[in-house]
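See below for coords_31.txt, which holds compact mmCIF, C-alpha atoms.
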```
# COMPACT_ATOMS: atom_id res chain seq x y z
CA MET J 1216 -33.74 53.98 -6.60
CA GLN J 1217 -36.45 53.41 -4.04
CA VAL J 1218 -35.58 54.05 -0.36
CA ILE J 1219 -37.72 52.05 2.05
CA ASP J 1220 -37.92 52.09 5.85
CA TRP J 1221 -37.51 48.63 7.43
CA GLU J 1222 -40.90 48.82 9.15
CA GLU J 1223 -42.63 49.63 5.85
CA PHE J 1224 -40.67 46.83 4.14
CA VAL J 1225 -41.88 44.32 6.76
CA ARG J 1226 -45.50 45.55 6.45
CA ARG J 1227 -45.76 45.83 2.66
CA GLY J 1228 -42.89 43.90 1.14
CA TRP J 1229 -41.13 45.05 -2.02
CA GLY J 1230 -40.77 44.01 -5.63
CA GLY J 1231 -44.12 42.33 -6.09
CA GLU J 1232 -43.76 39.01 -7.90
CA ARG J 1233 -40.24 39.76 -9.11
CA LYS J 1234 -37.26 38.04 -7.50
CA SER J 1235 -34.51 40.01 -5.82
CA ALA J 1236 -30.78 39.75 -5.30
CA ALA J 1237 -29.78 41.25 -1.96
CA THR J 1238 -26.85 42.19 0.21
CA ILE J 1239 -26.79 43.32 3.84
CA GLY J 1240 -24.39 45.44 5.86
CA VAL J 1241 -23.60 48.69 7.61
CA PHE J 1242 -21.84 49.94 4.44
CA ASP J 1243 -20.04 52.74 6.23
CA GLY J 1244 -18.03 54.39 3.49
CA ILE J 1245 -19.13 52.03 0.70
CA HIS J 1246 -15.49 51.07 0.13
CA ARG J 1247 -14.01 48.75 -2.50
CA GLY J 1248 -15.11 45.64 -0.59
CA HIS J 1249 -18.67 46.92 -0.30
CA ARG J 1250 -18.68 47.70 -4.03
CA ALA J 1251 -17.71 44.09 -4.71
CA LEU J 1252 -20.82 42.95 -2.77
CA VAL J 1253 -23.06 45.43 -4.59
CA GLY J 1254 -21.61 44.32 -7.93
CA LYS J 1255 -22.79 40.79 -7.16
CA ILE J 1256 -26.42 41.92 -6.89
CA THR J 1257 -26.64 44.59 -9.59
CA GLY J 1258 -25.33 42.18 -12.18
CA ARG J 1259 -27.97 39.49 -11.65
CA ALA J 1260 -30.69 40.54 -14.09
CA PRO J 1261 -33.60 40.03 -14.24
CA ALA J 1262 -33.57 40.07 -10.40
CA LEU J 1263 -34.09 43.44 -8.71
CA SER J 1264 -31.12 44.56 -6.60
CA LEU J 1265 -31.78 45.24 -2.93
CA VAL J 1266 -29.37 46.62 -0.33
CA VAL J 1267 -30.31 46.37 3.35
CA SER J 1268 -28.42 48.78 5.60
CA PHE J 1269 -28.80 51.15 8.54
CA LYS J 1270 -29.77 54.79 8.92
CA ARG J 1271 -26.99 55.18 11.50
CA ASN J 1272 -24.08 52.96 12.37
CA PRO J 1273 -25.31 50.42 14.98
CA ARG J 1274 -22.03 50.93 16.89
CA ARG J 1275 -23.42 54.25 18.09
CA PHE J 1276 -26.28 52.37 19.77
CA LEU J 1277 -24.30 49.35 20.94
CA HIS J 1278 -21.29 51.28 22.24
CA PRO J 1279 -22.40 54.85 23.05
CA ASP J 1280 -19.32 55.32 25.24
CA ARG J 1281 -16.99 54.87 22.24
CA GLU J 1282 -16.61 57.51 19.59
CA THR J 1283 -17.44 56.19 16.14
CA LEU J 1284 -16.15 58.31 13.29
CA ASP J 1285 -18.66 58.23 10.45
CA ILE J 1286 -16.99 57.91 7.07
CA MET J 1287 -20.03 59.41 5.34
CA GLY J 1288 -23.53 60.64 6.02
CA LEU J 1289 -26.83 59.01 5.07
CA ASP J 1290 -27.48 61.29 2.07
CA GLU J 1291 -24.08 60.43 0.60
CA LYS J 1292 -24.72 56.71 1.21
CA ILE J 1293 -28.04 56.91 -0.63
CA GLY J 1294 -26.44 58.82 -3.53
CA ILE J 1295 -23.61 56.31 -3.93
CA PHE J 1296 -25.96 53.32 -3.93
CA GLU J 1297 -28.12 55.04 -6.52
CA GLY J 1298 -25.04 55.69 -8.64
CA LEU J 1299 -24.10 52.01 -8.41
CA GLY J 1300 -27.44 51.03 -9.97
CA VAL J 1301 -29.17 49.62 -6.88
CA ASP J 1302 -32.94 49.28 -7.35
CA ALA J 1303 -33.91 49.65 -3.68
CA LEU J 1304 -32.32 50.45 -0.34
CA VAL J 1305 -34.00 49.27 2.86
CA LEU J 1306 -32.90 51.34 5.85
CA ILE J 1307 -33.08 49.98 9.37
CA ASP J 1308 -33.35 52.35 12.31
CA PHE J 1309 -31.32 50.28 14.78
CA SER J 1310 -33.19 50.15 18.09
CA LEU J 1311 -33.53 47.99 21.17
CA ASP J 1312 -36.39 46.07 19.51
CA PHE J 1313 -34.41 45.49 16.32
CA ARG J 1314 -31.36 44.47 18.36
CA ARG J 1315 -33.41 41.66 19.91
CA MET J 1316 -34.54 40.29 16.55
CA ASP J 1317 -33.55 36.71 15.89
CA GLY J 1318 -31.22 36.30 12.90
CA VAL J 1319 -33.34 33.49 11.45
CA ASP J 1320 -36.41 35.75 11.56
CA PHE J 1321 -34.44 38.56 9.91
CA ILE J 1322 -33.28 36.41 6.98
CA LYS J 1323 -36.75 34.88 6.61
CA ALA J 1324 -38.28 38.38 6.51
CA LEU J 1325 -35.92 39.31 3.68
CA ALA J 1326 -36.70 36.13 1.76
CA ARG J 1327 -40.45 36.54 2.22
CA ASN J 1328 -40.83 40.30 1.76
CA ALA J 1329 -38.50 40.74 -1.20
CA GLY J 1330 -38.77 37.44 -3.03
CA MET J 1331 -35.07 37.02 -2.32
CA ALA J 1332 -33.51 34.49 -4.69
CA TYR J 1333 -29.85 35.42 -4.05
CA LEU J 1334 -27.94 36.87 -1.10
CA ALA J 1335 -24.33 38.11 -1.14
CA ILE J 1336 -22.65 38.59 2.25
CA GLY J 1337 -19.11 39.14 3.45
CA ARG J 1338 -17.34 36.30 5.23
CA ASP J 1339 -17.39 38.22 8.55
CA PHE J 1340 -21.08 39.20 8.34
CA ARG J 1341 -23.22 38.32 11.34
CA CYS J 1342 -26.81 39.11 12.22
CA GLY J 1343 -29.36 38.41 14.89
CA CYS J 1344 -29.38 39.06 18.60
CA GLY J 1345 -25.79 39.08 19.77
CA GLY J 1346 -24.56 38.31 16.25
CA SER J 1347 -25.74 34.73 16.69
CA LEU J 1348 -25.94 33.93 12.97
CA ASP J 1349 -22.60 33.94 11.14
CA ALA J 1350 -22.04 33.71 7.39
CA GLY J 1351 -21.91 29.90 7.38
CA LEU J 1352 -25.16 29.57 9.33
CA ILE J 1353 -26.82 32.16 7.06
CA LYS J 1354 -25.74 30.19 4.00
CA GLY J 1355 -27.23 27.00 5.48
CA LEU J 1356 -30.49 28.78 6.35
CA CYS J 1357 -30.70 30.23 2.84
CA GLU J 1358 -30.34 26.74 1.36
CA THR J 1359 -33.39 25.60 3.35
CA LEU J 1360 -35.30 28.66 2.06
CA GLY J 1361 -34.36 28.03 -1.56
CA VAL J 1362 -32.15 31.12 -1.67
CA GLU J 1363 -28.70 31.00 -3.25
CA CYS J 1364 -26.20 32.52 -0.82
CA GLU J 1365 -22.67 33.53 -1.76
CA ILE J 1366 -20.08 34.33 0.89
CA VAL J 1367 -17.86 36.90 -0.81
CA GLN J 1368 -14.19 37.00 0.13
CA PRO J 1369 -12.77 40.39 1.13
CA VAL J 1370 -11.03 42.72 -1.28
CA MET J 1371 -7.37 42.86 -0.25
CA ASP J 1372 -5.06 45.87 -0.17
CA GLY J 1373 -1.48 45.65 1.05
CA GLY J 1374 -2.07 42.11 2.28
CA LEU J 1375 -4.99 43.15 4.50
CA PRO J 1376 -8.74 43.23 3.88
CA VAL J 1377 -10.23 46.57 2.88
CA SER J 1378 -12.44 47.56 5.81
CA SER J 1379 -14.23 50.51 7.32
CA SER J 1380 -12.00 50.14 10.42
CA ARG J 1381 -8.88 50.65 8.31
CA ILE J 1382 -10.44 53.68 6.65
CA ARG J 1383 -11.43 55.18 10.03
CA ALA J 1384 -7.89 54.60 11.32
CA ALA J 1385 -6.41 56.29 8.24
CA LEU J 1386 -8.74 59.26 8.65
CA ALA J 1387 -7.94 59.55 12.37
CA ALA J 1388 -4.23 59.60 11.46
CA GLY J 1389 -4.83 62.28 8.83
CA ASP J 1390 -3.87 59.88 6.02
CA ARG J 1391 -6.42 60.94 3.41
CA ALA J 1392 -4.54 59.20 0.55
CA THR J 1393 -4.82 55.77 2.19
CA ALA J 1394 -8.47 56.33 3.09
CA GLU J 1395 -9.27 57.28 -0.51
CA ARG J 1396 -7.33 54.30 -1.89
CA LEU J 1397 -9.29 51.92 0.35
CA LEU J 1398 -12.56 53.64 -0.54
CA GLY J 1399 -11.77 53.57 -4.24
CA ARG J 1400 -12.99 57.14 -4.58
CA SER J 1401 -12.33 60.66 -3.36
CA LEU J 1402 -13.66 61.69 0.02
CA MET J 1403 -16.44 64.24 0.08
CA VAL J 1404 -15.25 67.45 1.73
```

Just give me the structure of the file as structure tokens.
Amino acid sequence: MQVIDWEEFVRRGWGGERKSAATIGVFDGIHRGHRALVGKITGRAPALSLVVSFKRNPRRFLHPDRETLDIMGLDEKIGIFEGLGVDALVLIDFSLDFRRMDGVDFIKALARNAGMAYLAIGRDFRCGCGGSLDAGLIKGLCETLGVECEIVQPVMDGGLPVSSSRIRAALAAGDRATAERLLGRSLMV
């Protein structure tokens, strides 16, 4: 798996003439719901699979006054994506400049620099300055760009969506079994 810095990705692109299938997110924990998104892109041969994520959780930048429990570190994240068969991982170093980026420009950069033919996003995914572009708007934009966009419904557990927030809450309560069930794997010690 190739790991690419966002700035390098914007400068040089990735994949050459080949098309890509992509997904975007924080992917903190790479839980069962995240694996469902990744499964949508790794199973779309002959397209190359591309995950776009962050070096650090953007919550740390956006809300420095709140403690954000990391479910896993960057090295573990990279290892899990590699194990899932992802071809490339683009890592964004969330900054004030990136925070100001327009969501339309962000999606267009992905389409242009990776030959994106398919995008899988969660129904609650948002991007752009202030989260201005929601999943429905992204899907509409993708249609104008000739990119197929699928809004993937959440994986449910106990009647609730599997989420990083639920995993963090379980870990904070010392409930390792629930956290591991939601993750779909054992926690690293």

Counting all atoms listed in the file, what is within 12 Å of segment 1287-1295 of chain J, bar same-chain residues fewer than 4 positions away, as a PyMOL selection string?
chain J and resi 1216-1219+1241-1246+1249-1250+1253+1266-1272+1283+1299-1308+1379+1382-1383+1386+1398+1400-1404

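Taking atom CA of Leu1263 of chain J and atom CA of Asp1317 of chain J as the two end points, the separation is 25.5 Å.
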
Please identify all polymer residues within 12 Å of Arg1227 of chain J, counting only C-alpha atoms, omitting same-chain residues fewer than 2 positions from it, and present them as a PyMOL selection string.
chain J and resi 1219-1225+1229-1231+1324-1325+1327-1329

What's the separation between atom CA of Gly1254 of chain J and atom CA of Gly1351 of chain J, in Å to one decimal place?
21.0 Å

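Distances to Cys1364 of chain J were evaluated for J:Cys1342, J:Leu1252, J:Ala1332, J:Ala1260 using all atoms listed in the file, and the minimum falls at J:Ala1332.
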
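Closest approach to Cys1344 of chain J from the set J:Gly1248, J:Gly1318, J:Pro1369, J:Gly1330 is made by J:Gly1318, with distances taken over all atoms listed in the file.
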
For the point (-32.1, 33.1, -5.0) in file coordinates, what residues are within 12 Å, counting all atoms listed in the file? Give the answer as a ChimeraX atom specification?
/J:1233-1238,1256,1259-1264,1325-1327,1329-1335,1354,1357-1365

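Of the listed residues (J:Leu1284, J:Ala1251, J:Met1371, J:Leu1348), J:Leu1284 comes nearest to Ala1387 of chain J; the distances count all atoms listed in the file.
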
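Between atom CA of Ser1380 of chain J and atom CA of Arg1338 of chain J the separation is 15.7 Å.
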